[in-house]
file coords-v6.cif (mmCIF, C-alpha atoms)
data_data
#
loop_
_atom_site.label_atom_id
_atom_site.label_comp_id
_atom_site.auth_asym_id
_atom_site.auth_seq_id
_atom_site.Cartn_x
_atom_site.Cartn_y
_atom_site.Cartn_z
CA MET A 1 15.88 17.35 2.93
CA SER A 2 13.46 15.14 1.03
CA SER A 3 12.86 11.58 -0.02
CA THR A 4 11.22 10.62 -3.30
CA LEU A 5 8.65 7.94 -4.07
CA ARG A 6 8.92 7.63 -7.84
CA SER A 7 5.71 6.76 -9.61
CA SER A 8 3.55 7.50 -12.60
CA VAL A 9 -0.10 7.48 -13.56
CA ILE A 10 -0.77 6.69 -17.19
CA VAL A 11 -3.68 8.14 -19.16
CA ARG A 12 -4.07 8.79 -22.86
CA GLU A 13 -5.83 11.82 -24.26
CA LYS A 14 -8.58 11.38 -26.83
CA THR A 15 -9.01 13.50 -29.90
CA GLU A 16 -10.80 16.83 -29.60
CA GLN A 17 -13.88 15.34 -31.26
CA LYS A 18 -14.17 12.55 -28.74
CA ARG A 19 -13.45 14.90 -25.84
CA LYS A 20 -16.51 16.91 -26.86
CA LYS A 21 -18.51 13.70 -27.08
CA GLY A 22 -17.71 12.93 -23.46
CA GLN A 23 -18.71 16.33 -22.08
CA ASN A 24 -22.30 15.19 -21.50
CA ARG A 25 -21.45 12.15 -19.42
CA LYS A 26 -22.90 11.93 -15.94
CA LYS A 27 -20.70 13.33 -13.20
CA LEU A 28 -20.14 11.21 -10.11
CA LYS A 29 -21.88 12.59 -7.05
CA PRO A 30 -20.08 12.47 -3.69
CA THR A 31 -22.78 10.18 -2.28
CA GLU A 32 -22.13 7.63 -5.02
CA TRP A 33 -18.65 6.85 -3.75
CA SER A 34 -17.70 7.05 -0.13
CA LEU A 35 -14.87 9.29 1.00
CA ARG A 36 -13.25 6.18 2.42
CA MET A 37 -11.05 3.87 0.38
CA VAL A 38 -12.98 1.02 -1.22
CA THR A 39 -12.03 -2.28 0.42
CA SER A 40 -11.41 -5.12 -1.99
CA PRO A 41 -12.22 -8.66 -0.86
CA ARG A 42 -9.06 -10.60 0.05
CA ARG A 43 -6.90 -7.47 -0.12
CA ILE A 44 -3.34 -7.99 1.10
CA GLN A 45 -3.18 -6.59 4.64
CA ASP A 46 -0.29 -4.46 5.79
CA LEU A 47 2.23 -5.77 8.27
CA HIS A 48 0.94 -3.73 11.20
CA THR A 49 -2.58 -5.13 10.70
CA ASP A 50 -1.19 -8.67 10.76
CA LEU A 51 0.86 -8.02 13.91
CA VAL A 52 -2.22 -6.68 15.70
CA TYR A 53 -4.28 -9.66 14.52
CA MET A 54 -1.71 -12.21 15.71
CA ARG A 55 -1.78 -11.02 19.32
CA LYS A 56 -5.52 -11.75 19.60
CA ALA A 57 -7.16 -15.02 20.70
CA SER A 58 -4.50 -17.69 21.31
CA GLY A 59 -1.67 -15.55 19.92
CA PHE A 60 1.09 -16.64 17.53
CA THR A 61 0.21 -20.23 16.62
CA ALA A 62 0.54 -22.49 13.59
CA ASN A 63 -3.22 -22.41 13.06
CA ARG A 64 -3.41 -18.61 13.00
CA ILE A 65 -0.30 -17.62 11.01
CA GLY A 66 -1.98 -18.74 7.78
CA ALA A 67 -4.37 -15.79 8.01
CA ALA A 68 -1.50 -13.28 8.38
CA GLY A 69 -0.06 -13.44 4.86
CA THR A 70 2.12 -10.33 4.99
CA LEU A 71 3.70 -11.31 8.31
CA ARG A 72 4.34 -14.81 7.00
CA PHE A 73 5.85 -13.31 3.85
CA VAL A 74 8.40 -11.16 5.70
CA LEU A 75 9.31 -14.18 7.83
CA GLY A 76 10.17 -16.23 4.75
CA GLY A 77 6.99 -17.06 2.84
CA ASP A 78 4.37 -19.77 2.48
CA GLN A 79 6.90 -22.53 1.83
CA GLU A 80 8.67 -22.09 5.17
CA PRO A 81 7.77 -24.54 7.98
CA TYR A 82 6.16 -23.14 11.11
CA ASP A 83 9.28 -23.87 13.19
CA ALA A 84 11.31 -21.54 10.94
CA LEU A 85 8.65 -18.83 11.10
CA ILE A 86 8.42 -18.78 14.88
CA GLU A 87 12.21 -18.92 15.22
CA ARG A 88 12.53 -15.78 13.08
CA PHE A 89 9.65 -14.09 14.87
CA MET A 90 11.28 -14.74 18.24
CA SER A 91 14.62 -13.51 16.86
CA ALA A 92 13.02 -10.23 15.77
CA ILE A 93 11.37 -9.79 19.17
CA ASN A 94 14.59 -10.61 21.02
CA SER A 95 16.38 -7.90 19.01
CA LEU A 96 14.19 -5.25 20.68
CA GLN A 97 14.80 -3.53 23.99
CA ASP A 98 13.99 -5.66 27.04
CA ASP A 99 10.69 -3.93 27.89
CA ASP A 100 9.38 -4.31 24.31
CA SER A 101 10.55 -7.89 24.10
CA ALA A 102 8.91 -8.92 27.37
CA VAL A 103 5.49 -7.39 26.64
CA LEU A 104 5.37 -8.91 23.14
CA LYS A 105 6.31 -12.41 24.30
CA ALA A 106 3.35 -12.21 26.66
CA ALA A 107 1.01 -10.68 24.07
CA TYR A 108 1.75 -13.34 21.45
CA GLY A 109 1.74 -16.20 23.99
CA LEU A 110 5.28 -17.24 23.17
CA GLU A 111 6.49 -18.23 26.64
CA PRO A 112 5.12 -19.73 29.87
CA PRO A 113 2.91 -18.84 31.62
CA TYR A 114 1.26 -17.08 28.65
CA ALA A 115 1.55 -19.91 26.10
CA GLY A 116 -1.73 -21.78 25.97
CA MET A 117 -3.86 -18.89 27.21
CA GLN A 118 -6.74 -18.50 24.74
CA ARG A 119 -7.50 -14.81 25.33
CA ILE A 120 -5.32 -11.72 25.00
CA GLY A 121 -7.14 -10.24 28.00
CA ASP A 122 -5.97 -13.11 30.20
CA ARG A 123 -2.38 -12.68 29.04
CA ARG A 124 -2.50 -8.95 29.79
CA LEU A 125 -3.84 -9.55 33.29
CA SER A 126 -1.14 -12.13 33.97
CA PHE A 127 1.68 -9.98 32.62
CA GLY A 128 0.32 -6.86 34.32
CA ALA A 129 0.26 -8.63 37.67
CA ILE A 130 3.96 -9.42 37.30
CA ILE A 131 5.02 -5.86 36.44
CA GLY A 132 2.42 -4.11 38.60
CA LYS A 133 0.46 -2.51 35.74
CA GLY A 134 -3.18 -2.63 34.64
CA PRO A 135 -4.33 -4.24 31.36
CA ASP A 136 -4.88 -0.87 29.64
CA THR A 137 -1.30 0.16 30.38
CA VAL A 138 -0.07 -3.22 29.13
CA GLU A 139 -2.02 -2.78 25.89
CA SER A 140 -0.49 0.65 25.36
CA SER A 141 2.97 -0.84 25.85
CA GLU A 142 2.12 -3.56 23.32
CA ASN A 143 1.11 -0.96 20.73
CA VAL A 144 4.42 0.88 21.05
CA ALA A 145 6.39 -2.38 20.95
CA ILE A 146 4.52 -3.57 17.82
CA LYS A 147 5.65 -0.42 15.99
CA HIS A 148 9.25 -1.21 16.90
CA LEU A 149 8.81 -4.86 15.89
CA ALA A 150 7.42 -3.84 12.48
CA VAL A 151 10.58 -1.83 11.83
CA GLN A 152 12.78 -4.84 12.57
CA LEU A 153 10.71 -7.11 10.34
CA LEU A 154 10.57 -4.63 7.46
CA THR A 155 14.28 -3.91 7.49
CA GLY A 156 15.51 -7.40 8.35
CA TRP A 157 17.76 -6.03 11.06
CA TYR A 158 17.72 -9.07 13.36
CA PRO A 159 19.93 -12.20 13.51
CA ALA A 160 17.59 -14.79 11.92
CA SER A 161 16.24 -12.51 9.18
CA PRO A 162 15.52 -14.22 5.84
CA LEU A 163 16.44 -11.02 3.94
CA ALA A 164 19.64 -11.31 1.93
CA MET A 165 20.44 -7.60 2.38
CA ARG A 166 19.46 -5.50 5.35
CA VAL A 167 17.42 -2.49 4.31
CA PRO A 168 18.86 0.06 6.81
CA GLU A 169 22.00 0.14 4.66
CA LEU A 170 19.92 2.22 2.22
CA HIS A 171 20.35 5.97 2.61
CA ASN A 172 17.61 8.58 2.32
CA GLY A 173 15.01 6.11 1.09
CA VAL A 174 11.83 4.44 2.26
CA VAL A 175 10.48 0.93 2.63
CA ASN A 176 6.86 0.80 1.51
CA GLU A 177 4.93 -1.45 3.84
CA SER A 178 1.85 -1.14 1.64
CA ILE A 179 0.55 0.93 -1.28
CA SER A 180 -3.08 1.15 -2.37
CA MET A 181 -4.27 2.85 -5.54
CA GLN A 182 -7.93 3.13 -6.55
CA ILE A 183 -9.18 4.76 -9.73
CA ILE A 184 -12.73 5.72 -10.70
CA VAL A 185 -13.49 5.72 -14.43
CA ASN A 186 -16.76 7.31 -15.55
CA ASP A 187 -17.86 6.37 -19.12
CA GLY A 188 -14.24 5.85 -20.07
CA TYR A 189 -12.89 9.06 -18.57
CA TRP A 190 -10.72 9.49 -15.52
CA GLN A 191 -12.76 10.92 -12.66
CA GLU A 192 -10.79 10.36 -9.47
CA THR A 193 -7.85 8.45 -8.01
CA ARG A 194 -7.13 7.72 -4.36
CA GLU A 195 -3.73 6.62 -3.16
CA GLU A 196 -2.44 5.53 0.21
CA TYR A 197 1.21 4.89 1.10
CA ARG A 198 2.24 3.33 4.39
CA PHE A 199 6.02 3.57 4.56
CA LEU A 200 8.95 3.22 6.91
CA ALA A 201 11.40 6.10 6.87
CA ALA A 202 14.95 4.91 6.16
CA PHE A 203 16.34 8.44 6.10
CA ASP A 204 17.71 10.47 8.99
CA GLU A 205 15.19 13.31 8.63
CA ALA A 206 13.01 14.70 5.84
CA ASP A 207 10.46 17.48 5.51
CA TYR A 208 8.57 16.01 2.60
CA ILE A 209 7.99 13.01 0.33
CA ALA A 210 7.85 13.62 -3.44
CA ILE A 211 5.60 11.67 -5.80
CA SER A 212 5.78 12.18 -9.55
CA SER A 213 2.94 11.83 -12.04
CA SER A 214 2.57 12.27 -15.78
CA VAL A 215 -0.93 13.75 -15.43
CA PRO A 216 -1.89 17.28 -14.29
CA ALA A 217 -4.29 17.00 -11.37
CA VAL A 218 -5.80 18.69 -8.35
CA ILE A 219 -4.24 17.01 -5.32
CA GLU A 220 -6.10 16.83 -2.00
CA PRO A 221 -3.84 15.40 0.75
CA MET A 222 -5.13 13.79 3.94
CA ASN A 223 -3.68 12.87 7.35
CA GLY A 224 -2.35 16.37 7.98
CA PHE A 225 0.01 16.49 4.99
CA GLN A 226 0.32 19.65 2.86
CA VAL A 227 1.19 19.55 -0.85
CA LYS A 228 3.11 21.74 -3.29
CA THR A 229 3.15 20.84 -6.99
CA GLU A 230 5.81 21.72 -9.56
CA ARG A 231 5.91 20.90 -13.25
CA ILE A 232 9.29 19.49 -14.30
CA GLY A 233 9.54 18.78 -18.01
CA GLN A 234 6.63 16.54 -18.99
CA SER A 235 5.88 15.37 -15.45
CA TYR A 236 4.47 16.84 -12.25
CA THR A 237 6.17 16.50 -8.90
CA HIS A 238 3.96 16.64 -5.82
CA ARG A 239 5.83 17.36 -2.60
CA PHE A 240 3.90 16.23 0.45
CA PHE A 241 5.01 17.98 3.63
CA ALA A 242 4.38 16.12 6.86
CA PRO A 243 3.07 18.00 9.93
CA ALA A 244 6.54 17.54 11.45
CA PRO A 245 9.87 16.39 9.99
CA MET A 246 9.85 12.64 9.34
CA LYS A 247 12.50 10.60 11.12
CA ARG A 248 14.33 7.32 10.56
CA GLY A 249 12.59 4.24 11.91
CA GLU A 250 9.12 5.80 12.06
CA THR A 251 6.17 4.59 9.99
CA TYR A 252 3.94 7.12 8.22
CA THR A 253 0.72 6.98 6.22
CA LEU A 254 0.30 9.37 3.30
CA ALA A 255 -3.11 9.43 1.60
CA PHE A 256 -4.47 11.76 -1.05
CA ARG A 257 -7.05 12.22 -3.82
CA SER A 258 -6.22 13.21 -7.40
CA LEU A 259 -8.91 14.96 -9.45
CA PRO A 260 -8.95 16.27 -13.04
CA ILE A 261 -8.19 19.98 -13.33
CA PRO A 262 -11.45 21.88 -14.06
CA GLY A 263 -11.48 22.98 -17.68
CA GLY A 264 -8.41 20.89 -18.48
CA ALA A 265 -8.05 18.42 -21.34
CA ASP A 266 -10.19 15.34 -20.89
CA ALA A 267 -8.42 12.01 -20.67
CA ARG A 268 -9.51 8.62 -21.92
CA VAL A 269 -8.02 6.22 -19.38
CA MET A 270 -6.27 3.08 -20.59
CA GLU A 271 -4.38 1.86 -17.49
CA THR A 272 -3.39 2.61 -13.92
CA SER A 273 0.11 1.65 -12.82
CA ARG A 274 3.10 2.42 -10.62
CA ALA A 275 6.85 2.06 -11.00
CA PHE A 276 8.33 0.63 -7.80
CA HIS A 277 11.83 1.96 -7.18
CA GLU A 278 11.83 1.39 -3.42
CA ARG A 279 11.13 -2.01 -1.97
CA THR A 280 7.36 -2.39 -1.56
CA LEU A 281 6.06 -5.20 0.59
CA ALA A 282 2.48 -5.18 -0.71
CA ALA A 283 0.65 -3.21 -3.37
CA SER A 284 -2.97 -3.26 -4.51
CA PHE A 285 -4.70 -1.67 -7.48
CA ASP A 286 -8.44 -1.14 -7.86
CA ALA A 287 -10.34 0.03 -10.94
CA ILE A 288 -14.02 0.92 -10.65
CA PHE A 289 -15.95 1.58 -13.85
CA LEU A 290 -19.14 3.64 -13.89
CA GLY A 291 -21.27 3.55 -17.03
CA GLN A 292 -19.42 2.07 -19.98
CA GLN A 293 -17.38 -1.06 -19.21
CA PRO A 294 -14.10 -2.04 -20.90
CA GLU A 295 -14.01 -4.83 -23.46
CA ARG A 296 -10.99 -6.52 -21.87
CA ILE A 297 -9.11 -5.99 -18.63
CA TRP A 298 -5.86 -7.48 -17.36
CA SER A 299 -3.24 -7.03 -14.65
CA PHE A 300 0.53 -6.96 -15.12
CA THR A 301 3.70 -6.79 -13.08
CA GLY A 302 7.46 -6.60 -13.60
CA LEU A 303 7.31 -4.61 -16.87
CA THR A 304 9.57 -1.78 -17.98
CA PHE A 305 8.29 1.66 -19.00
CA PHE A 306 8.25 0.63 -22.66
CA GLU A 307 6.82 -2.85 -22.08
CA ARG A 308 3.86 -1.78 -20.00
CA PRO A 309 0.95 -2.42 -20.04
CA GLY A 310 1.77 -5.63 -21.89
CA LEU A 311 -0.72 -7.66 -23.91
CA PRO A 312 -4.09 -8.96 -22.62
CA GLU A 313 -3.25 -12.54 -23.54
CA ARG A 314 0.04 -12.38 -21.62
CA GLY A 315 -1.31 -10.64 -18.54
CA SER A 316 -3.28 -12.06 -15.64
CA LYS A 317 -6.97 -11.59 -15.14
CA PRO A 318 -7.66 -9.43 -12.08
CA GLU A 319 -10.25 -10.45 -9.55
CA SER A 320 -13.61 -8.87 -10.23
CA ARG A 321 -16.99 -8.21 -8.73
CA ASP A 322 -19.48 -6.45 -11.00
CA ASN A 323 -17.80 -3.20 -12.09
CA HIS A 324 -14.98 -3.43 -9.53
CA HIS A 325 -11.66 -5.06 -10.50
CA TRP A 326 -8.57 -5.46 -8.34
CA ALA A 327 -5.10 -7.00 -8.24
CA SER A 328 -2.52 -7.36 -5.47
CA TYR A 329 1.23 -7.96 -5.55
CA ARG A 330 4.06 -8.61 -3.10
CA ASP A 331 7.70 -7.55 -2.90
CA LEU A 332 7.97 -5.08 -5.78
CA TYR A 333 11.21 -3.23 -6.58
CA GLY A 334 13.71 -2.42 -9.30
CA GLY A 335 11.80 0.41 -10.96
CA LEU A 336 9.48 -1.99 -12.80
CA PHE A 337 5.80 -1.31 -13.38
CA SER A 338 2.77 -3.12 -11.98
CA GLY A 339 -0.89 -2.29 -12.40
CA ILE A 340 -4.14 -2.88 -14.26
CA ALA A 341 -4.87 -2.09 -17.91
CA TRP A 342 -7.96 -2.33 -20.09
CA LYS A 343 -9.16 -2.04 -23.66
CA TRP A 344 -12.28 -0.23 -24.81
CA PRO A 345 -14.55 -1.56 -27.56
CA GLN A 346 -12.97 -0.98 -30.97
CA ASN A 347 -15.44 1.69 -32.04
CA GLU A 348 -14.68 3.70 -28.87
CA VAL A 349 -10.89 3.76 -29.14
#
call {"tool": "encode", "arguments": {"input": "coords-v6.cif", "output": "structure tokens"}}
result
Amino acid sequence: MSSTLRSSVIVREKTEQKRKKGQNRKKLKPTEWSLRMVTSPRRIQDLHTDLVYMRKASGFTANRIGAAGTLRFVLGGDQEPYDALIERFMSAINSLQDDDSAVLKAAYGLEPPYAGMQRIGDRRLSFGAIIGKGPDTVESSENVAIKHLAVQLLTGWYPASPLAMRVPELHNGVVNESISMQIIVNDGYWQETREEYRFLAAFDEADYIAISSSVPAVIEPMNGFQVKTERIGQSYTHRFFAPAPMKRGETYTLAFRSLPIPGGADARVMETSRAFHERTLAASFDAIFLGQQPERIWSFTGLTFFERPGLPERGSKPESRDNHHWASYRDLYGGLFSGIAWKWPQNEV
């Protein structure tokens, strides 16, 4: 059994003459770009990161929730008053099993005697004394409970959920907690793409996740996944097999690199985008240009296959720092495209 994450990477081939022109461009050395994902300033954090952050210091408070944008989003958004946010947060925690609920109420400082304690270490010592466990054991219990809480928040399966439709009613699908896509462009040519998908399994069991692309590429999976690629019509389907069958309610992280096929046709890159068929809580796109820089660059969201990448004057300007440009989006779905596009100087098109 499988589940599919539908997507596409858009590149446009140059003429043979211009492909030959680009053969002398400088190749990117491994030391010039770290094997780790590039971190954009002010990147949208995933839900798990926010949940871990909110248990620190004084816990879940009105002053700290503003720094946990994804958590606030799933609880109703920036316009919701704090009283509504904490009511929904408590509702999600109360929907868990008793052991998970108890350890999280202590961790987040939601009930006496933990409310008002300014350090997570103090709350762990206090809670541990009650249940006869040490702080390390309490922390381990918190980590397991946070995974269960993330599932409830992502799916909306708790009484006070702001979601209009509960996600578990979907069959054989996924809920994308976060997607990151980073592309390296070297003198106008595609050189490398890195993608990371953090998703909640909403299927009963699956051996692999399938991701489709319009571009032939060498795929290098990470995190223990194995890949098999098949050409279907004009697209390529990459099936990523997990180390063990994936199960409903578990969260997984799939990461991989895409590289041009040696000796294959060169590609002049014009955009990087994704079609979001499954609900995606947060998505970020990064474009890093080495050598030649584009004349114009813009970000877009909510466009159909034929509308994308839109027009520069109608798109939004991505955030930028030197040769690094990025854009982030929330709550994407419906099979519509989001991404970043650019235009090369007229004499280079």
call {"tool": "resolve_selection", "arguments": {"input": "coords-v6.cif", "expression": "the PyMOL selection byres ((chain A and resi 250-255) around 8)", "output": "PyMOL selection string"}}
result
chain A and resi 147+151+194-201+221-223+225+246-249+256-257
call {"tool": "resolve_selection", "arguments": {"input": "coords-v6.cif", "expression": "the PyMOL selection byres ((chain A and resi 49-65) around 8)", "output": "PyMOL selection string"}}
result
chain A and resi 45-48+66-72+82+107-110+116-120+146+150
call {"tool": "closest_residue", "arguments": {"input": "coords-v6.cif", "among": "A:Glu307, A:Glu205, A:Asp322, A:Glu142", "to": "Ser101 in chain A", "atoms": "all atoms listed in the file"}}
result
A:Glu142
call {"tool": "atom_distance", "arguments": {"input": "coords-v6.cif", "atom1": "CA of Leu311 in chain A", "atom2": "CA of Ile211 in chain A"}}
result
27.2 Å
call {"tool": "closest_atom_pairs", "arguments": {"input": "coords-v6.cif", "of": "range 71-163 of chain A", "to": "range 263-287 of chain A", "cutoff": "9 Å", "atoms": "all atoms listed in the file", "output": "Markdown table"}}
result
| residue | atom | partner | partner_atom | distance |
| --- | --- | --- | --- | --- |
| A:Phe73 | CA | A:Leu281 | CA | 8.7 |
| A:Val74 | CA | A:Leu281 | CA | 8.2 |
| A:Leu154 | CA | A:Leu281 | CA | 8.2 |
call {"tool": "residues_near_point", "arguments": {"input": "coords-v6.cif", "point": "(18.5, -13.4, 8.1)", "cutoff": "12 Å", "atoms": "all atoms listed in the file", "output": "VMD selection string"}}
result
chain A and resid 74 to 76 84 to 85 87 to 89 91 to 92 152 to 167
call {"tool": "atom_distance", "arguments": {"input": "coords-v6.cif", "atom1": "CA of Ala341 in chain A", "atom2": "CA of Arg231 in chain A"}}
result
25.8 Å
call {"tool": "closest_residue", "arguments": {"input": "coords-v6.cif", "among": "A:Gln79, A:Ile130, A:Arg239, A:Ile183", "to": "Ala102 in chain A", "atoms": "all atoms listed in the file"}}
result
A:Ile130
call {"tool": "closest_residue", "arguments": {"input": "coords-v6.cif", "among": "A:Phe337, A:Phe241, A:Phe305, A:Phe289", "to": "Ile184 in chain A", "atoms": "only C-alpha atoms"}}
result
A:Phe289
call {"tool": "atom_distance", "arguments": {"input": "coords-v6.cif", "atom1": "CA of Ile209 in chain A", "atom2": "CA of Gly335 in chain A"}}
result
17.3 Å
call {"tool": "resolve_selection", "arguments": {"input": "coords-v6.cif", "expression": "the PyMOL selection byres ((chain A and resi 216) around 8)", "output": "PyMOL selection string"}}
result
chain A and resi 213-215+217-218+236+260-261
call {"tool": "closest_residue", "arguments": {"input": "coords-v6.cif", "among": "A:Ile288, A:Tyr208, A:Leu303, A:Trp344", "to": "Arg321 in chain A", "atoms": "only C-alpha atoms"}}
result
A:Ile288
call {"tool": "decode", "arguments": {"input": "coords-v6.cif", "residues": "range 215-224 of chain A", "atoms": "all heavy atoms", "output": "compact mmCIF listing (two decimals), in the first residue's frame"}}
result
# COMPACT_ATOMS: atom_id res chain seq x y z
N VAL A 215 10.94 16.57 -13.83
CA VAL A 215 12.34 16.68 -14.22
C VAL A 215 13.08 15.38 -13.89
O VAL A 215 13.02 14.90 -12.75
CB VAL A 215 13.01 17.86 -13.49
CG1 VAL A 215 14.48 17.96 -13.88
CG2 VAL A 215 12.29 19.15 -13.81
N PRO A 216 13.82 14.81 -14.84
CA PRO A 216 14.66 13.65 -14.52
C PRO A 216 15.78 14.07 -13.58
O PRO A 216 16.38 15.13 -13.76
CB PRO A 216 15.21 13.21 -15.88
CG PRO A 216 15.15 14.44 -16.73
CD PRO A 216 13.95 15.20 -16.26
N ALA A 217 16.06 13.26 -12.57
CA ALA A 217 17.06 13.66 -11.58
C ALA A 217 17.61 12.44 -10.87
O ALA A 217 16.98 11.37 -10.82
CB ALA A 217 16.44 14.62 -10.56
N VAL A 218 18.80 12.61 -10.31
CA VAL A 218 19.38 11.63 -9.39
C VAL A 218 18.85 11.97 -8.01
O VAL A 218 19.01 13.10 -7.53
CB VAL A 218 20.92 11.69 -9.42
CG1 VAL A 218 21.50 10.73 -8.37
CG2 VAL A 218 21.44 11.36 -10.80
N ILE A 219 18.21 11.01 -7.36
CA ILE A 219 17.60 11.24 -6.05
C ILE A 219 18.43 10.57 -4.97
O ILE A 219 18.73 9.37 -5.06
CB ILE A 219 16.16 10.71 -6.01
CG1 ILE A 219 15.33 11.31 -7.15
CG2 ILE A 219 15.52 11.01 -4.66
CD1 ILE A 219 15.17 12.80 -7.09
N GLU A 220 18.79 11.33 -3.94
CA GLU A 220 19.56 10.80 -2.82
C GLU A 220 18.75 10.98 -1.54
O GLU A 220 18.72 12.06 -0.95
CB GLU A 220 20.90 11.52 -2.71
CG GLU A 220 21.80 11.32 -3.92
CD GLU A 220 23.14 12.03 -3.77
OE1 GLU A 220 23.33 12.76 -2.76
OE2 GLU A 220 24.00 11.87 -4.65
N PRO A 221 18.04 9.94 -1.09
CA PRO A 221 17.22 10.05 0.12
C PRO A 221 18.05 10.05 1.39
O PRO A 221 19.19 9.56 1.41
CB PRO A 221 16.32 8.82 0.03
CG PRO A 221 17.13 7.83 -0.74
CD PRO A 221 17.94 8.63 -1.73
N MET A 222 17.47 10.59 2.44
CA MET A 222 18.11 10.63 3.76
C MET A 222 17.17 9.98 4.77
O MET A 222 16.11 9.48 4.43
CB MET A 222 18.43 12.08 4.14
CG MET A 222 19.27 12.81 3.10
SD MET A 222 19.51 14.56 3.52
CE MET A 222 20.20 15.17 1.96
N ASN A 223 17.58 9.99 6.03
CA ASN A 223 16.76 9.50 7.14
C ASN A 223 16.35 8.04 6.98
O ASN A 223 15.28 7.63 7.45
CB ASN A 223 15.50 10.35 7.31
CG ASN A 223 15.82 11.80 7.61
OD1 ASN A 223 16.94 12.14 7.99
ND2 ASN A 223 14.85 12.68 7.42
N GLY A 224 17.19 7.25 6.32
CA GLY A 224 16.92 5.82 6.24
C GLY A 224 15.96 5.40 5.15
O GLY A 224 15.69 4.20 4.97
